[in-house]
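One structure is given below, encoded as structure tokens.
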Amino acid sequence: LKLQEVAKLAPPVHSWGGAAKDLSALEIVEVGPALASWNQARQAEGSCSMQQLRVGDRIVSINGSLDLQKVVNAPSPLILLTRWQVASHIRAERIEVAVERTGPEDRLGLHLRELPNAAAHLQITDVSPSGAINRWNQSSHGRQVLKGDRVMTVNGQTKELQKVMAEASSKVDMQVERWTDTVQDGGNMFAGVARPAVTTGAGHFPEATKTAAAAAAA
């Protein structure tokens, strides 16, 4: 998918950022049929709600670039976005994952990235079809590790998670988190026109009326 081909985009109309920052900002004002189908597929597989793109979402970066106009036609983009939602319309779900690696060459099979302003947590951008996590997915009775999930702990540790993974000899216990809507079509508090009362960030803050910046791979 190319973002500009599947969604109508426009600069923010009313924004906390100011005119200078809004020059490079884009918001989704309309979702096309292809993107709607993408959203339905992500919802059906039970993935994190931030893997869907909705009207009112603020595009922060595309493939790591803040110059959105230059990269808006990039195929299969990795998108960093901000969404404002009523706190009670979203909840954090935790999944306990326990895998056994068969040897040093048996990889977990996770593609990871650090989250902005939340480097202690790792976001899963892809799950390799070969690897210990995919084997766990195939035998987990419906509970799977998916794109968009965040790795919160590894073997009880909450810091330097990639290092802990690399140093684990055989057994790897992980706790991953994903955000899910508590109401059908949780929507966006400011769909169409964004009027945020808080700044963007990263992570899940139940007391705030927003879902902070997270990535969606389209």
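By convention here, the chains of the structure tokens are called A, B, ... in the order presented, each chain's residues are numbered starting at 1, and ligands are numbered starting at 1 in the order presented.
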
What's around Asp67 in chain A at 12 Å? Count only C-alpha atoms, leave out sequence neighbours fewer than 3 positions away in its own chain, and write the answer as a short mmCIF file (atom, residue, chain, number, x, y, z; two decimals) with all heavy atoms, in the first residue's frame.
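Contents of the output file result_22.cif:
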data_model
loop_
_atom_site.label_atom_id
_atom_site.label_comp_id
_atom_site.auth_asym_id
_atom_site.auth_seq_id
_atom_site.Cartn_x
_atom_site.Cartn_y
_atom_site.Cartn_z
N LYS A 21 5.28 24.27 12.56
CA LYS A 21 5.33 22.81 12.65
C LYS A 21 4.31 22.15 11.73
O LYS A 21 4.53 21.06 11.22
CB LYS A 21 5.10 22.38 14.10
CG LYS A 21 6.24 22.73 15.04
CD LYS A 21 5.99 22.18 16.44
CE LYS A 21 7.16 22.49 17.36
NZ LYS A 21 6.94 21.97 18.73
N ASP A 22 3.17 22.83 11.52
CA ASP A 22 2.12 22.24 10.71
C ASP A 22 2.47 22.20 9.23
O ASP A 22 1.80 21.53 8.44
CB ASP A 22 0.81 23.00 10.90
CG ASP A 22 0.17 22.70 12.25
OD1 ASP A 22 0.62 21.74 12.90
OD2 ASP A 22 -0.76 23.42 12.64
N LEU A 23 3.52 22.91 8.82
CA LEU A 23 3.91 22.89 7.42
C LEU A 23 4.26 21.48 6.96
O LEU A 23 4.09 21.14 5.78
CB LEU A 23 5.10 23.83 7.19
CG LEU A 23 4.81 25.34 7.25
CD1 LEU A 23 6.10 26.13 7.13
CD2 LEU A 23 3.83 25.73 6.14
N SER A 24 4.79 20.66 7.85
CA SER A 24 5.20 19.30 7.48
C SER A 24 4.25 18.24 8.03
O SER A 24 4.50 17.04 7.86
CB SER A 24 6.62 19.02 7.99
OG SER A 24 6.66 19.11 9.41
N ALA A 25 3.18 18.66 8.68
CA ALA A 25 2.27 17.69 9.29
C ALA A 25 1.15 17.30 8.33
O ALA A 25 0.74 18.07 7.47
CB ALA A 25 1.67 18.28 10.57
N LEU A 26 0.67 16.06 8.49
CA LEU A 26 -0.46 15.57 7.71
C LEU A 26 -1.40 14.81 8.62
O LEU A 26 -0.97 14.14 9.55
CB LEU A 26 0.01 14.66 6.57
CG LEU A 26 0.76 15.30 5.40
CD1 LEU A 26 1.28 14.23 4.46
CD2 LEU A 26 -0.14 16.27 4.65
N ILE A 59 -0.07 12.00 11.18
CA ILE A 59 1.12 11.32 10.70
C ILE A 59 2.34 12.10 11.18
O ILE A 59 2.50 13.28 10.85
CB ILE A 59 1.14 11.21 9.17
CG1 ILE A 59 -0.16 10.56 8.67
CG2 ILE A 59 2.35 10.40 8.72
CD1 ILE A 59 -0.43 9.18 9.20
N VAL A 60 3.19 11.45 11.97
CA VAL A 60 4.38 12.09 12.52
C VAL A 60 5.58 11.87 11.61
O VAL A 60 6.34 12.80 11.31
CB VAL A 60 4.67 11.56 13.94
CG1 VAL A 60 5.95 12.18 14.49
CG2 VAL A 60 3.49 11.83 14.86
N SER A 61 5.78 10.64 11.16
CA SER A 61 6.89 10.35 10.27
C SER A 61 6.54 9.14 9.41
O SER A 61 5.67 8.33 9.77
CB SER A 61 8.19 10.09 11.04
OG SER A 61 8.12 8.86 11.74
N ILE A 62 7.23 9.03 8.28
CA ILE A 62 7.08 7.88 7.38
C ILE A 62 8.47 7.33 7.11
O ILE A 62 9.35 8.07 6.64
CB ILE A 62 6.38 8.28 6.06
CG1 ILE A 62 4.97 8.82 6.35
CG2 ILE A 62 6.32 7.09 5.11
CD1 ILE A 62 4.26 9.34 5.10
N ASN A 63 8.67 6.07 7.43
CA ASN A 63 9.99 5.43 7.27
C ASN A 63 11.08 6.25 7.95
O ASN A 63 12.20 6.36 7.44
CB ASN A 63 10.31 5.22 5.79
CG ASN A 63 9.41 4.19 5.15
OD1 ASN A 63 8.80 3.37 5.82
ND2 ASN A 63 9.30 4.25 3.83
N GLY A 64 10.75 6.85 9.10
CA GLY A 64 11.71 7.61 9.87
C GLY A 64 11.92 9.04 9.41
O GLY A 64 12.67 9.79 10.05
N LYS A 70 7.80 14.26 0.82
CA LYS A 70 8.76 13.56 -0.03
C LYS A 70 8.59 12.05 0.01
O LYS A 70 8.98 11.35 -0.93
CB LYS A 70 10.19 13.92 0.38
CG LYS A 70 10.61 15.32 -0.05
CD LYS A 70 12.08 15.54 0.23
CE LYS A 70 12.55 16.90 -0.26
NZ LYS A 70 14.01 17.12 -0.01
N VAL A 71 8.03 11.53 1.10
CA VAL A 71 7.99 10.07 1.27
C VAL A 71 6.56 9.53 1.33
O VAL A 71 6.37 8.35 1.60
CB VAL A 71 8.76 9.66 2.54
CG1 VAL A 71 10.24 9.94 2.38
CG2 VAL A 71 8.22 10.38 3.77
N VAL A 72 5.57 10.36 1.07
CA VAL A 72 4.19 9.94 1.24
C VAL A 72 3.79 8.85 0.25
O VAL A 72 2.82 8.12 0.48
CB VAL A 72 3.24 11.16 1.13
CG1 VAL A 72 3.15 11.64 -0.32
CG2 VAL A 72 1.86 10.85 1.69
N ASN A 73 4.54 8.69 -0.84
CA ASN A 73 4.25 7.64 -1.82
C ASN A 73 5.13 6.42 -1.66
O ASN A 73 5.15 5.55 -2.53
CB ASN A 73 4.39 8.19 -3.24
CG ASN A 73 3.16 8.96 -3.69
OD1 ASN A 73 2.03 8.55 -3.42
ND2 ASN A 73 3.38 10.08 -4.35
#

So which residues touch Arg135 in chain A within 10 Å, counting only C-alpha atoms, skipping near sequence neighbours fewer than 5 positions away, as a PyMOL selection string? chain A and resi 99-100+108-109+129-130+140+144

Please produce a file of the residues just selected, as a compact mmCIF listing (two decimals), in the first residue's frame, where the atoms kept are N, CA and C atoms.
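See part15.txt below for the written result:
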# COMPACT_ATOMS: atom_id res chain seq x y z
N VAL A 99 9.34 -19.41 25.36
CA VAL A 99 9.86 -20.20 24.24
C VAL A 99 11.17 -20.85 24.65
N GLU A 100 11.49 -21.95 23.98
CA GLU A 100 12.75 -22.66 24.18
C GLU A 100 13.52 -22.65 22.87
N LEU A 108 14.96 -15.98 17.65
CA LEU A 108 13.58 -15.69 18.02
C LEU A 108 12.76 -15.33 16.80
N GLY A 109 13.38 -14.67 15.83
CA GLY A 109 12.67 -14.31 14.61
C GLY A 109 11.85 -13.05 14.72
N PRO A 129 8.76 -15.97 9.57
CA PRO A 129 8.11 -17.28 9.51
C PRO A 129 8.96 -18.41 10.06
N SER A 130 10.25 -18.17 10.21
CA SER A 130 11.12 -19.15 10.86
C SER A 130 11.64 -18.54 12.14
N SER A 140 0.02 -21.84 20.23
CA SER A 140 -0.40 -21.07 21.40
C SER A 140 -1.91 -20.98 21.56
N GLN A 144 -1.26 -15.11 19.80
CA GLN A 144 -0.09 -14.96 18.95
C GLN A 144 0.61 -13.63 19.19

So, counting only C-alpha atoms, which residue among A:Ala120, A:Val127, A:Leu110, A:Val183 is closest to Ala166 in chain A? A:Leu110

In range 5-209 of chain A, what's alpha helix (DSSP H) per DSSP? Answer as JSON, numbers by chain? {"A": [5, 6, 19, 20, 21, 22, 33, 34, 35, 36, 37, 38, 39, 40, 41, 42, 43, 44, 45, 68, 69, 70, 71, 132, 133, 134, 135, 136, 137, 138, 161, 162, 163, 164, 165, 166, 167]}

Just the selected residues (N, CA and C atoms), exported as a CSV table (one decimal), in the first residue's frame, please.
chain,number,residue,atom,x,y,z
A,5,GLU,N,-2.3,6.9,-1.8
A,5,GLU,CA,-3.2,6.2,-2.8
A,5,GLU,C,-4.4,5.6,-2.0
A,6,VAL,N,-4.3,5.4,-0.7
A,6,VAL,CA,-5.4,4.7,0.0
A,6,VAL,C,-6.1,5.6,1.0
A,19,ALA,N,1.8,27.2,13.2
A,19,ALA,CA,1.9,27.2,11.7
A,19,ALA,C,3.2,26.6,11.2
A,20,ALA,N,4.3,26.9,11.9
A,20,ALA,CA,5.6,26.4,11.4
A,20,ALA,C,5.7,24.9,11.5
A,21,LYS,N,5.3,24.3,12.6
A,21,LYS,CA,5.3,22.8,12.6
A,21,LYS,C,4.3,22.2,11.7
A,22,ASP,N,3.2,22.8,11.5
A,22,ASP,CA,2.1,22.2,10.7
A,22,ASP,C,2.5,22.2,9.2
A,33,PRO,N,-11.2,2.6,0.2
A,33,PRO,CA,-11.6,1.2,0.3
A,33,PRO,C,-10.5,0.2,0.6
A,34,ALA,N,-9.3,0.4,0.0
A,34,ALA,CA,-8.2,-0.5,0.2
A,34,ALA,C,-7.7,-0.4,1.7
A,35,LEU,N,-7.6,0.8,2.2
A,35,LEU,CA,-7.2,1.0,3.6
A,35,LEU,C,-8.2,0.5,4.6
A,36,ALA,N,-9.5,0.6,4.2
A,36,ALA,CA,-10.6,0.1,5.0
A,36,ALA,C,-10.5,-1.4,5.1
A,37,SER,N,-10.1,-2.1,4.0
A,37,SER,CA,-10.0,-3.5,4.0
A,37,SER,C,-8.8,-3.9,4.9
A,38,TRP,N,-7.7,-3.1,4.8
A,38,TRP,CA,-6.5,-3.3,5.6
A,38,TRP,C,-6.9,-3.2,7.1
A,39,ASN,N,-7.6,-2.2,7.5
A,39,ASN,CA,-8.0,-2.0,8.9
A,39,ASN,C,-8.9,-3.2,9.3
A,40,GLN,N,-9.8,-3.7,8.5
A,40,GLN,CA,-10.6,-4.8,8.9
A,40,GLN,C,-9.8,-6.1,9.1
A,41,ALA,N,-8.8,-6.3,8.2
A,41,ALA,CA,-7.9,-7.5,8.4
A,41,ALA,C,-7.1,-7.4,9.7
A,42,ARG,N,-6.6,-6.2,10.0
A,42,ARG,CA,-5.9,-6.1,11.3
A,42,ARG,C,-6.8,-6.3,12.5
A,43,GLN,N,-8.0,-5.8,12.4
A,43,GLN,CA,-9.0,-6.0,13.5
A,43,GLN,C,-9.3,-7.5,13.6
A,44,ALA,N,-9.5,-8.2,12.5
A,44,ALA,CA,-9.9,-9.6,12.5
A,44,ALA,C,-8.8,-10.5,13.1
A,45,GLU,N,-7.5,-10.1,12.9
A,45,GLU,CA,-6.4,-10.9,13.4
A,45,GLU,C,-6.1,-10.6,14.9
A,68,LEU,N,7.3,14.6,5.2
A,68,LEU,CA,6.2,13.7,4.8
A,68,LEU,C,5.9,13.8,3.3
A,69,GLN,N,6.0,15.0,2.8
A,69,GLN,CA,5.6,15.2,1.4
A,69,GLN,C,6.5,14.4,0.4
A,70,LYS,N,7.8,14.3,0.8
A,70,LYS,CA,8.8,13.6,0.0
A,70,LYS,C,8.6,12.0,0.0
A,71,VAL,N,8.0,11.5,1.1
A,71,VAL,CA,8.0,10.1,1.3
A,71,VAL,C,6.6,9.5,1.3
A,132,ALA,N,11.8,-19.1,16.8
A,132,ALA,CA,11.1,-19.6,18.0
A,132,ALA,C,9.7,-19.0,18.3
A,133,ILE,N,9.6,-17.7,18.0
A,133,ILE,CA,8.3,-17.0,18.2
A,133,ILE,C,7.3,-17.5,17.3
A,134,ASN,N,7.6,-17.7,16.0
A,134,ASN,CA,6.6,-18.3,15.1
A,134,ASN,C,6.2,-19.7,15.5
A,135,ARG,N,7.1,-20.5,16.0
A,135,ARG,CA,6.7,-21.8,16.5
A,135,ARG,C,5.7,-21.7,17.7
A,136,TRP,N,6.0,-20.7,18.6
A,136,TRP,CA,5.1,-20.5,19.7
A,136,TRP,C,3.7,-20.0,19.2
A,137,ASN,N,3.7,-19.2,18.2
A,137,ASN,CA,2.5,-18.7,17.6
A,137,ASN,C,1.6,-19.9,17.1
A,138,GLN,N,2.3,-20.9,16.5
A,138,GLN,CA,1.6,-22.0,15.9
A,138,GLN,C,1.0,-23.0,16.9
A,161,LEU,N,16.6,-4.7,26.6
A,161,LEU,CA,15.9,-6.0,26.3
A,161,LEU,C,16.5,-6.7,25.2
A,162,GLN,N,17.1,-6.0,24.2
A,162,GLN,CA,17.7,-6.7,23.1
A,162,GLN,C,18.9,-7.5,23.5
A,163,LYS,N,19.7,-6.9,24.5
A,163,LYS,CA,20.9,-7.5,25.0
A,163,LYS,C,20.5,-8.8,25.8
A,164,VAL,N,19.4,-8.7,26.6
A,164,VAL,CA,18.9,-9.8,27.4
A,164,VAL,C,18.5,-10.9,26.4
A,165,MET,N,17.8,-10.6,25.3
A,165,MET,CA,17.4,-11.6,24.4
A,165,MET,C,18.7,-12.3,23.8
A,166,ALA,N,19.7,-11.5,23.4
A,166,ALA,CA,20.8,-12.1,22.8
A,166,ALA,C,21.6,-13.0,23.7
A,167,GLU,N,21.6,-12.7,25.0
A,167,GLU,CA,22.4,-13.4,26.0
A,167,GLU,C,21.7,-14.6,26.5

What separation in Å, quoted to one decimal, exists between CA of Leu81 in chain A and CA of Gln175 in chain A? 23.8 Å

Tell me, in Å to one decimal, how far CA of Glu93 in chain A is from CA of Arg178 in chain A.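 According to the coordinates, CA of Glu93 in chain A and CA of Arg178 in chain A are separated by 5.4 Å.
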
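The coordinates place CA of Val31 in chain A at 4.7 Å from CA of Ala7 in chain A.
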
List every residue of range 30-208 of chain A that DSSP, applied to the backbone of this structure, assigns to strand (DSSP E or B), and report them as a VMD selection string. chain A and resid 30 to 31 58 to 62 65 75 78 to 83 90 to 100 110 to 115 118 to 127 150 to 154 157 171 to 181 202

Would you list the contacts of Pro75 in chain A as a list in words, taking every protein, DNA or RNA residue within 8 Å and counting only C-alpha atoms, but skipping same-chain residues closer than 4 positions in sequence? Leu1, Lys2 and Leu3 of chain A

Met174 in chain A: which residues within 6 Å, counting only C-alpha atoms, same-chain residues fewer than 2 positions away excluded, as an MDAnalysis selection string? chainID A and resid 97 153:154

Output N, CA and C atoms for every residue in the selection just made, as a PDB file, in the first residue's frame.
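Output file again_27.pdb is given in full below:
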ATOM      1  N   VAL A  97       4.692 -15.003  27.040  1.00  0.00           N
ATOM      2  CA  VAL A  97       5.275 -15.851  25.995  1.00  0.00           C
ATOM      3  C   VAL A  97       6.476 -16.585  26.579  1.00  0.00           C
ATOM      4  N   THR A 153       8.964  -6.982  28.886  1.00  0.00           N
ATOM      5  CA  THR A 153       9.975  -7.617  29.736  1.00  0.00           C
ATOM      6  C   THR A 153      10.539  -8.839  29.023  1.00  0.00           C
ATOM      7  N   VAL A 154      11.782  -9.166  29.339  1.00  0.00           N
ATOM      8  CA  VAL A 154      12.426 -10.395  28.847  1.00  0.00           C
ATOM      9  C   VAL A 154      13.138 -11.036  30.028  1.00  0.00           C
TER      10      VAL A 154
END

Among listed residues A:Leu80, A:Ala10, A:Ala168, A:Leu112, nearest Lys147 in chain A (using only C-alpha atoms):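 Closest residue, counting only C-alpha atoms: A:Leu112.
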